[in-house]
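To be precise, the following lines are upload_21.txt, and they hold compact mmCIF, C-alpha atoms.
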# COMPACT_ATOMS: atom_id res chain seq x y z
CA MET A 1 21.32 -17.00 -9.69
CA THR A 2 19.09 -17.12 -12.73
CA ASN A 3 16.69 -14.37 -13.66
CA GLY A 4 14.15 -16.40 -15.63
CA HIS A 5 13.83 -14.00 -18.55
CA GLY A 6 15.40 -16.01 -21.34
CA THR A 7 18.67 -15.66 -23.18
CA ASN A 8 20.70 -12.52 -23.55
CA ALA A 9 19.91 -12.38 -27.27
CA THR A 10 16.17 -12.22 -26.69
CA ARG A 11 16.34 -10.01 -23.61
CA ARG A 12 18.74 -7.35 -24.80
CA PRO A 13 16.30 -5.22 -26.87
CA GLY A 14 13.87 -5.09 -23.96
CA ARG A 15 16.58 -4.03 -21.51
CA ILE A 16 17.85 -1.26 -23.78
CA LEU A 17 14.31 -0.02 -24.37
CA THR A 18 13.75 -0.05 -20.61
CA ALA A 19 16.90 1.99 -20.04
CA LEU A 20 15.90 4.52 -22.71
CA LEU A 21 12.39 4.89 -21.32
CA CYS A 22 13.78 5.36 -17.83
CA ALA A 23 16.20 7.99 -19.09
CA LEU A 24 13.37 9.87 -20.82
CA THR A 25 11.31 9.91 -17.62
CA ALA A 26 14.27 10.60 -15.32
CA ALA A 27 13.43 14.25 -14.79
CA GLY A 28 10.28 13.22 -12.93
CA LEU A 29 11.78 9.96 -11.69
CA HIS A 30 8.66 8.14 -12.80
CA GLY A 31 10.52 4.89 -13.41
CA CYS A 32 9.28 1.94 -15.44
CA ALA A 33 6.52 0.58 -13.24
CA GLY A 34 3.98 -2.08 -14.10
CA THR A 35 0.38 -2.20 -12.97
CA ALA A 36 -0.36 -2.18 -9.28
CA ALA A 37 -0.98 -5.43 -7.43
CA PRO A 38 -1.86 -6.26 -3.84
CA ASP A 39 1.03 -6.36 -1.39
CA PRO A 40 2.36 -9.91 -1.04
CA PRO A 41 1.94 -11.62 2.33
CA PRO A 42 5.05 -11.71 4.55
CA GLY A 43 7.57 -14.38 3.69
CA THR A 44 6.79 -14.60 -0.03
CA THR A 45 8.89 -13.50 -2.98
CA ALA A 46 7.84 -10.47 -4.98
CA PRO A 47 5.20 -11.49 -7.57
CA ALA A 48 5.51 -10.78 -11.27
CA GLY A 49 5.32 -7.08 -11.97
CA ARG A 50 7.00 -6.09 -8.72
CA SER A 51 10.61 -5.31 -7.93
CA PRO A 52 12.44 -7.86 -5.76
CA PHE A 53 14.44 -4.92 -4.38
CA THR A 54 11.56 -2.63 -3.32
CA GLY A 55 8.34 -4.65 -3.49
CA LEU A 56 6.85 -1.90 -5.69
CA PRO A 57 5.49 -2.23 -9.25
CA ALA A 58 8.36 -2.50 -11.74
CA ALA A 59 9.11 -4.04 -15.12
CA PRO A 60 12.04 -6.47 -15.51
CA ALA A 61 15.19 -4.42 -16.04
CA PRO A 62 18.97 -4.80 -15.68
CA VAL A 63 20.78 -4.07 -12.44
CA LEU A 64 23.25 -1.17 -12.17
CA ALA A 65 25.29 -0.68 -9.01
CA VAL A 66 27.17 2.60 -8.53
CA LYS A 67 29.93 3.28 -6.00
CA ILE A 68 29.30 6.74 -4.52
CA ASP A 69 31.57 9.10 -2.63
CA ASN A 70 30.37 10.11 0.84
CA VAL A 71 32.75 12.57 2.45
CA ALA A 72 31.43 16.03 3.27
CA ALA A 73 32.83 17.51 0.04
CA ALA A 74 30.79 14.99 -1.98
CA ARG A 75 27.45 16.09 -0.55
CA PRO A 76 24.72 16.71 -1.48
CA HIS A 77 24.53 13.65 -3.68
CA THR A 78 22.69 13.33 -6.98
CA GLY A 79 20.40 10.46 -7.97
CA LEU A 80 20.22 8.66 -4.62
CA GLY A 81 16.48 9.18 -4.29
CA ALA A 82 15.88 6.98 -7.35
CA ALA A 83 17.91 4.02 -6.08
CA ASP A 84 16.05 0.84 -5.22
CA LEU A 85 18.61 -0.04 -2.60
CA VAL A 86 21.49 1.76 -0.88
CA TYR A 87 24.30 0.02 1.02
CA VAL A 88 26.55 1.86 3.50
CA GLU A 89 30.09 0.46 3.68
CA GLN A 90 33.11 1.36 5.79
CA VAL A 91 36.30 2.35 3.96
CA GLU A 92 39.75 3.59 4.94
CA GLY A 93 40.07 5.83 7.97
CA GLY A 94 36.68 4.79 9.32
CA ALA A 95 34.81 6.84 6.70
CA THR A 96 32.01 5.40 4.56
CA ARG A 97 30.97 5.12 0.95
CA LEU A 98 27.65 4.18 -0.58
CA LEU A 99 26.77 1.47 -3.06
CA ALA A 100 23.51 2.43 -4.76
CA VAL A 101 21.61 -0.22 -6.73
CA TYR A 102 19.27 0.76 -9.58
CA SER A 103 16.85 -1.28 -11.66
CA SER A 104 13.25 -0.05 -11.28
CA ARG A 105 14.08 3.48 -12.40
CA LEU A 106 17.07 5.43 -13.60
CA PRO A 107 17.83 9.05 -12.77
CA GLU A 108 19.53 11.22 -15.37
CA ARG A 109 22.72 11.48 -13.30
CA VAL A 110 24.27 9.79 -10.23
CA GLY A 111 27.23 10.77 -8.13
CA PRO A 112 29.82 11.73 -7.24
CA VAL A 113 31.31 8.38 -8.29
CA ARG A 114 34.34 6.90 -6.50
CA SER A 115 36.42 3.73 -6.52
CA ALA A 116 35.44 0.12 -5.88
CA ARG A 117 36.58 -2.06 -3.00
CA GLU A 118 37.11 -5.79 -2.54
CA SER A 119 33.96 -6.06 -0.40
CA ASP A 120 31.83 -5.02 -3.39
CA ILE A 121 32.63 -8.26 -5.22
CA ALA A 122 31.06 -10.60 -2.67
CA LEU A 123 28.24 -8.19 -1.89
CA LEU A 124 27.16 -7.97 -5.55
CA ALA A 125 27.49 -11.71 -6.24
CA ALA A 126 23.91 -12.16 -5.01
CA PHE A 127 22.69 -9.94 -7.86
CA GLY A 128 23.69 -12.34 -10.64
CA ARG A 129 25.78 -10.39 -13.18
CA PRO A 130 25.04 -6.70 -12.54
CA ALA A 131 26.83 -3.74 -14.05
CA LEU A 132 29.11 -1.97 -11.56
CA ALA A 133 30.05 1.65 -12.26
CA TYR A 134 33.02 3.07 -10.37
CA SER A 135 35.87 5.54 -10.87
CA GLY A 136 38.68 2.98 -10.64
CA ALA A 137 40.35 0.60 -8.22
CA GLN A 138 43.72 -0.30 -6.80
CA SER A 139 45.80 -2.00 -9.48
CA ALA A 140 46.01 -5.26 -7.52
CA LEU A 141 42.21 -5.37 -7.24
CA ASN A 142 41.52 -4.93 -10.97
CA PRO A 143 42.09 -8.62 -11.86
CA LEU A 144 39.58 -9.66 -9.19
CA LEU A 145 37.00 -7.21 -10.51
CA ARG A 146 37.49 -8.44 -14.07
CA ALA A 147 37.09 -12.05 -12.94
CA ALA A 148 34.02 -11.36 -10.78
CA PRO A 149 30.44 -12.12 -11.91
CA LEU A 150 29.76 -8.49 -12.85
CA HIS A 151 30.23 -6.06 -15.72
CA PRO A 152 32.73 -3.31 -14.77
CA VAL A 153 31.91 0.14 -16.17
CA THR A 154 34.59 2.79 -15.73
CA GLU A 155 35.63 6.08 -17.29
CA SER A 156 38.16 4.21 -19.43
CA THR A 157 35.66 1.66 -20.78
CA ALA A 158 32.66 4.01 -21.18
CA PRO A 159 33.91 7.63 -21.24
CA ALA A 160 30.59 8.99 -22.52
CA ALA A 161 28.89 7.72 -19.35
CA PHE A 162 31.09 9.75 -16.98
CA PRO A 163 30.70 13.56 -17.17
CA ARG A 164 32.69 15.88 -14.93
CA SER A 165 30.92 18.61 -12.98
CA PRO A 166 32.36 22.12 -13.14
CA ASP A 167 30.74 22.83 -9.75
CA ARG A 168 32.88 20.34 -7.80
CA THR A 169 36.60 19.89 -7.32
CA ALA A 170 38.37 16.64 -8.08
CA PRO A 171 38.03 13.87 -7.01
CA HIS A 172 34.44 14.73 -6.09
CA ASN A 173 33.37 15.88 -9.56
CA LEU A 174 32.91 12.60 -11.46
CA TYR A 175 29.29 11.66 -12.22
CA LEU A 176 27.52 8.87 -14.07
CA ARG A 177 24.82 8.82 -16.71
CA PRO A 178 23.10 5.50 -15.86
CA ALA A 179 21.43 4.94 -19.24
CA ARG A 180 24.80 5.24 -20.98
CA ALA A 181 26.43 2.98 -18.40
CA LEU A 182 23.88 0.23 -19.10
CA ALA A 183 24.36 0.71 -22.84
CA ALA A 184 28.03 -0.11 -22.22
CA ALA A 185 27.03 -3.29 -20.33
CA PRO A 186 24.28 -4.78 -22.54
CA ASP A 187 24.55 -8.21 -20.91
CA ALA A 188 23.89 -7.00 -17.37
CA GLY A 189 21.40 -9.29 -15.65
CA ASP A 190 17.87 -8.34 -14.70
CA ALA A 191 16.80 -7.85 -11.09
CA GLY A 192 16.14 -11.11 -9.25
CA ASP A 193 15.46 -12.41 -5.77
CA ILE A 194 18.20 -11.38 -3.30
CA GLY A 195 16.36 -12.60 -0.21
CA PHE A 196 14.21 -9.58 0.63
CA ARG A 197 10.56 -10.05 1.53
CA PHE A 198 7.90 -7.33 1.56
CA GLY A 199 4.52 -7.08 3.19
CA ALA A 200 2.85 -6.38 6.50
CA ALA A 201 5.05 -5.60 9.50
CA PRO A 202 5.65 -8.41 11.97
CA PRO A 203 3.97 -8.13 15.37
CA GLY A 204 5.92 -6.55 18.18
CA GLY A 205 8.89 -4.30 17.79
CA THR A 206 9.44 -1.15 19.79
CA PRO A 207 8.45 2.42 18.92
CA ALA A 208 11.42 4.24 17.40
CA THR A 209 11.66 7.88 16.48
CA THR A 210 15.43 7.96 15.82
CA SER A 211 18.17 5.37 15.39
CA THR A 212 21.87 6.26 15.17
CA VAL A 213 24.71 4.22 13.66
CA ARG A 214 28.32 5.24 14.31
CA TYR A 215 31.44 4.38 12.34
CA PRO A 216 34.94 5.43 13.44
CA ALA A 217 34.72 8.58 11.28
CA ALA A 218 31.06 8.82 10.26
CA ARG A 219 27.63 8.98 11.86
CA TYR A 220 24.18 8.22 10.46
CA ALA A 221 20.83 9.04 12.05
CA PHE A 222 17.47 7.79 10.80
CA THR A 223 14.44 9.71 12.08
CA TRP A 224 10.90 8.53 11.50
CA SER A 225 8.71 10.98 9.58
CA ALA A 226 5.04 10.10 9.91
CA PRO A 227 3.97 12.49 7.09
CA ASP A 228 6.46 10.82 4.72
CA ARG A 229 5.78 7.30 6.05
CA ALA A 230 9.55 6.94 5.79
CA TRP A 231 12.85 7.58 7.58
CA ARG A 232 14.72 10.85 7.09
CA VAL A 233 18.46 10.36 6.79
CA ALA A 234 21.11 12.54 8.43
CA MET A 235 24.86 12.17 7.88
CA ASP A 236 27.31 13.57 10.39
CA GLY A 237 24.57 15.66 11.97
CA ARG A 238 23.17 17.17 8.76
CA GLU A 239 20.07 16.25 6.79
CA ALA A 240 20.98 14.16 3.76
CA ARG A 241 19.52 15.42 0.51
CA ALA A 242 19.75 14.67 -3.19
CA THR A 243 20.17 17.62 -5.54
CA ASP A 244 17.40 16.30 -7.81
CA THR A 245 14.80 14.92 -5.38
CA GLY A 246 15.34 16.54 -1.99
CA PRO A 247 15.54 14.75 1.40
CA LEU A 248 16.49 11.07 1.39
CA THR A 249 13.57 9.07 2.79
CA PRO A 250 13.88 5.25 2.68
CA GLU A 251 10.84 3.28 3.80
CA THR A 252 12.98 0.56 5.40
CA VAL A 253 16.38 0.83 7.08
CA VAL A 254 18.29 -2.30 8.04
CA VAL A 255 21.22 -1.98 10.44
CA GLN A 256 23.04 -5.21 9.60
CA ARG A 257 25.76 -5.98 12.14
CA VAL A 258 28.76 -7.47 10.35
CA THR A 259 32.45 -8.20 10.81
CA VAL A 260 34.71 -5.49 9.39
CA ARG A 261 38.33 -6.67 9.21
CA PRO A 262 41.53 -5.59 7.43
CA SER A 263 41.84 -6.72 3.82
CA ASP A 264 44.97 -7.48 1.79
CA PHE A 265 44.65 -4.14 -0.02
CA HIS A 266 45.58 -0.57 0.90
CA ASP A 267 45.12 2.87 -0.62
CA ARG A 268 47.84 5.05 -2.12
CA THR A 269 48.67 6.52 1.30
CA GLY A 270 49.29 3.05 2.72
CA ALA A 271 46.06 2.89 4.75
CA VAL A 272 44.69 -0.65 4.87
CA SER A 273 41.29 -1.08 3.22
CA PRO A 274 38.70 -2.70 5.48
CA TYR A 275 36.81 -5.76 4.27
CA THR A 276 33.13 -6.06 5.17
CA GLU A 277 31.96 -9.66 5.53
CA THR A 278 28.44 -10.05 4.13
CA VAL A 279 28.48 -13.86 3.93
CA GLY A 280 27.60 -15.62 7.17
CA GLU A 281 25.02 -14.75 9.77
CA GLY A 282 24.40 -12.31 12.56
CA THR A 283 21.96 -9.87 14.10
CA ALA A 284 20.23 -6.85 12.62
CA LEU A 285 17.78 -4.09 13.47
CA VAL A 286 15.00 -3.49 10.96
CA LEU A 287 13.38 -0.05 11.05
CA ARG A 288 9.98 0.29 9.39
CA ASP A 289 6.69 2.10 10.09
CA GLY A 290 8.14 3.96 13.07
CA ARG A 291 9.15 0.80 14.90
CA ALA A 292 12.38 -1.13 15.44
CA HIS A 293 12.43 -4.92 15.07
CA GLU A 294 15.29 -7.09 16.26
CA ALA A 295 16.22 -9.55 13.53
CA ARG A 296 18.70 -12.13 12.37
CA TRP A 297 20.36 -12.25 8.97
CA SER A 298 21.74 -15.25 7.10
CA ARG A 299 23.64 -15.59 3.85
CA PRO A 300 25.12 -19.07 3.35
CA SER A 301 27.27 -18.20 0.33
CA ALA A 302 28.22 -15.28 -1.90
CA ALA A 303 25.90 -16.55 -4.62
CA SER A 304 22.88 -16.61 -2.30
CA GLY A 305 20.71 -13.78 -1.10
CA THR A 306 20.43 -12.52 2.47
CA SER A 307 17.39 -13.55 4.48
CA PHE A 308 16.13 -11.52 7.43
CA THR A 309 14.02 -13.21 10.08
CA THR A 310 12.52 -12.45 13.45
CA PRO A 311 14.36 -13.92 16.47
CA ASP A 312 12.00 -16.92 16.36
CA GLY A 313 12.80 -17.61 12.70
CA ALA A 314 9.80 -16.17 10.87
CA PRO A 315 10.50 -14.13 7.71
CA LEU A 316 10.70 -10.42 8.50
CA ALA A 317 9.03 -8.41 5.76
CA PHE A 318 10.22 -4.94 4.75
CA ALA A 319 7.92 -2.03 3.96
CA PRO A 320 7.55 -1.59 0.19
CA GLY A 321 9.82 1.19 -1.03
CA GLN A 322 13.47 2.14 -0.97
CA VAL A 323 15.67 0.06 1.36
CA TRP A 324 18.89 1.14 3.04
CA ILE A 325 21.25 -1.55 4.35
CA VAL A 326 23.73 -0.08 6.83
CA LEU A 327 26.62 -2.55 7.14
CA ALA A 328 27.58 -1.63 10.69
CA PRO A 329 30.61 -3.03 12.54
CA ARG A 330 29.59 -5.52 15.20

What is this file in structure tokens?
Amino acid sequence: MTNGHGTNATRRPGRILTALLCALTAAGLHGCAGTAAPDPPPGTTAPAGRSPFTGLPAAPAPVLAVKIDNVAAARPHTGLGAADLVYVEQVEGGATRLLAVYSSRLPERVGPVRSARESDIALLAAFGRPALAYSGAQSALNPLLRAAPLHPVTESTAPAAFPRSPDRTAPHNLYLRPARALAAAPDAGDAGDIGFRFGAAPPGGTPATTSTVRYPAARYAFTWSAPDRAWRVAMDGREARATDTGPLTPETVVVQRVTVRPSDFHDRTGAVSPYTETVGEGTALVLRDGRAHEARWSRPSAASGTSFTTPDGAPLAFAPGQVWIVLAPR
């Protein structure tokens, strides 16, 4: 996937400047937004000056994905409110981890950071060559990560980007400074089209106040908040919050039904790591504006984005704002 912003040599100063400006404004999470423009009609790509991940005003900037711990001891998280996009993935034992994607704005700190999985490689292939920050990986997986179309950023390659928190116990105390992570991956690609469309809601749908997604050892609930014009997130029965921005409130939640199968890898206890298939097609439920819309998803190859359509094949637009993609077992 090309990003249309020229060569690395000409783009690099702009990306570093963007990262520095975002870091300076991180306390208020103001981001690096461009001038406002009318919302695009459904089914069109985001116009210039808008993020292809959120549909909101944003300047071109590199993509940083961060693998985030999500057991009870890792909560509350830090920096999730600033993410453009958050994926929920199943890991060993039926628990989940998060993959947060940043480009429009960078918080000062993100975490706790945990290890990568094989599923992340195919999932991130649609983003071009993003930076991926994680705490480590199984030794057999490292060659695949190094060969993948991404820029690995770990504590060993960029130690200054990974502070430890004295308020948490290991392994839930490793955090990331996103601006320093991007400085360690100066060739990370800018945000580009990954298949999302933003605009007016499609007709139909059903009123929805709460939607629940269950994994073998985790539970998510998304409750519509009319005052916020967004969905409030709960994890395992408790409100999900970020230490820096408060309650997590994505404007769009996509429950993408996927195949989760055993992979060829296992953790240090011998538990087999699940592999989440994000290439192919299937059904989904899109939550926006207090309504639930049945949808279909399609991703022909790892290099392509994922399109979401209504059952009759029309593009299904998301509400502009943060998007959560819950990769739920079929």

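Note that CA of Glu108 in chain A and CA of Gly81 in chain A are 11.7 Å apart.
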
Report task. Tell me, in Å to one decimal, how far CA of Arg232 in chain A is from CA of Arg291 in chain A. Result ->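 CA of Arg291 in chain A lies 13.9 Å from CA of Arg232 in chain A.
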
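A straight line drawn from CA of Leu80 in chain A to CA of Pro329 in chain A is 23.2 Å long.
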
Requested in this report: Would you kindly return, as an MDAnalysis selection string, each protein, DNA or RNA residue with an atom no farther than 10 Å from any atom of range 279-282 of chain A, considering all atoms listed in the file and excluding same-chain residues fewer than 2 positions away?
Outcome: chainID A and resid 122:123 256:259 276:277 284 295:308 330

Query raised in the report: If we count all atoms listed in the file, what is near range 246-254 of chain A at a cut-off of 7 Å, once residues fewer than 4 positions away on the same chain are taken out, given as a list in words?
Result: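 That gives Gly81, Arg229, Ala230, Trp231, Arg232, Val233, Ala240, Arg241, Ala242, Ala284, Leu285, Val286, Leu287, Arg288, Phe318, Ala319, Pro320, Gly321, Gln322, Val323, Trp324, Ile325 and Val326 of chain A.
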
Requested in this report: Show which residues sit within 12 Å of Ser135 in chain A, as a PyMOL selection string. Count all atoms listed in the file, and ignore same-chain residues fewer than 2 positions away.
Outcome: chain A and resi 66-69+111-117+132-133+137-138+142+152-159+161-164+170-176

Query raised in the report: If we count only C-alpha atoms, what is near Phe53 in chain A at a cut-off of 8 Å, once residues fewer than 2 positions away on the same chain are taken out, given as a list in words?
Result: Ser51, Gly55, Asp84, Leu85, Ala191, Asp193, Ile194, Phe196, Gln322 and Val323 of chain A

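Using all atoms listed in the file, the smallest distance between any of A:Asp167, A:Glu118, A:Glu92, A:Asp190 and Ser104 in chain A comes from A:Asp190.
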
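Of the listed residues A:Pro107, A:Pro202, A:Gly49, A:Gly94, the one whose atoms come nearest to Pro315 in chain A is A:Pro202, with distances taken using only C-alpha atoms.
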
Report task. Have a look at A:Thr245, A:Thr206, A:Thr269, A:Thr278 and name the one nearest to Asp120 in chain A; count all atoms listed in the file. Result ->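 For Asp120 in chain A, the nearest of the given residues is A:Thr278.
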
Report task. Quick one: everything within 7 Å of Thr243 in chain A, counting all atoms listed in the file, minus sequence neighbours fewer than 4 positions away in the same chain. Send it as JSON, numbers by chain. Result -> {"A": [76, 77, 78]}

Requested in this report: Compare A:Pro262, A:Gly189, A:Gly237, A:Pro47 by their minimum atom-to-atom distance to Tyr102 in chain A, counting only C-alpha atoms, and give me the closest one.
Outcome: A:Gly189

Requested in this report: Please return, as number ranges by chain, all polymer residues that have at least one atom within 9 Å of the point (11.6, 0.1, 19.2); use all atoms listed in the file and the file's own coordinate frame.
Outcome: A: 204-209, 287, 290-294

How would the residues just chosen look if you wrote them out with C-alpha atoms as a PDB file, in the frame of the given file?
ATOM      1  CA  GLY A 204       5.920  -6.550  18.180  1.00  0.00           C
ATOM      2  CA  GLY A 205       8.890  -4.300  17.790  1.00  0.00           C
ATOM      3  CA  THR A 206       9.440  -1.150  19.790  1.00  0.00           C
ATOM      4  CA  PRO A 207       8.450   2.420  18.920  1.00  0.00           C
ATOM      5  CA  ALA A 208      11.420   4.240  17.400  1.00  0.00           C
ATOM      6  CA  THR A 209      11.660   7.880  16.480  1.00  0.00           C
ATOM      7  CA  LEU A 287      13.380  -0.050  11.050  1.00  0.00           C
ATOM      8  CA  GLY A 290       8.140   3.960  13.070  1.00  0.00           C
ATOM      9  CA  ARG A 291       9.150   0.800  14.900  1.00  0.00           C
ATOM     10  CA  ALA A 292      12.380  -1.130  15.440  1.00  0.00           C
ATOM     11  CA  HIS A 293      12.430  -4.920  15.070  1.00  0.00           C
ATOM     12  CA  GLU A 294      15.290  -7.090  16.260  1.00  0.00           C
TER      13      GLU A 294
END
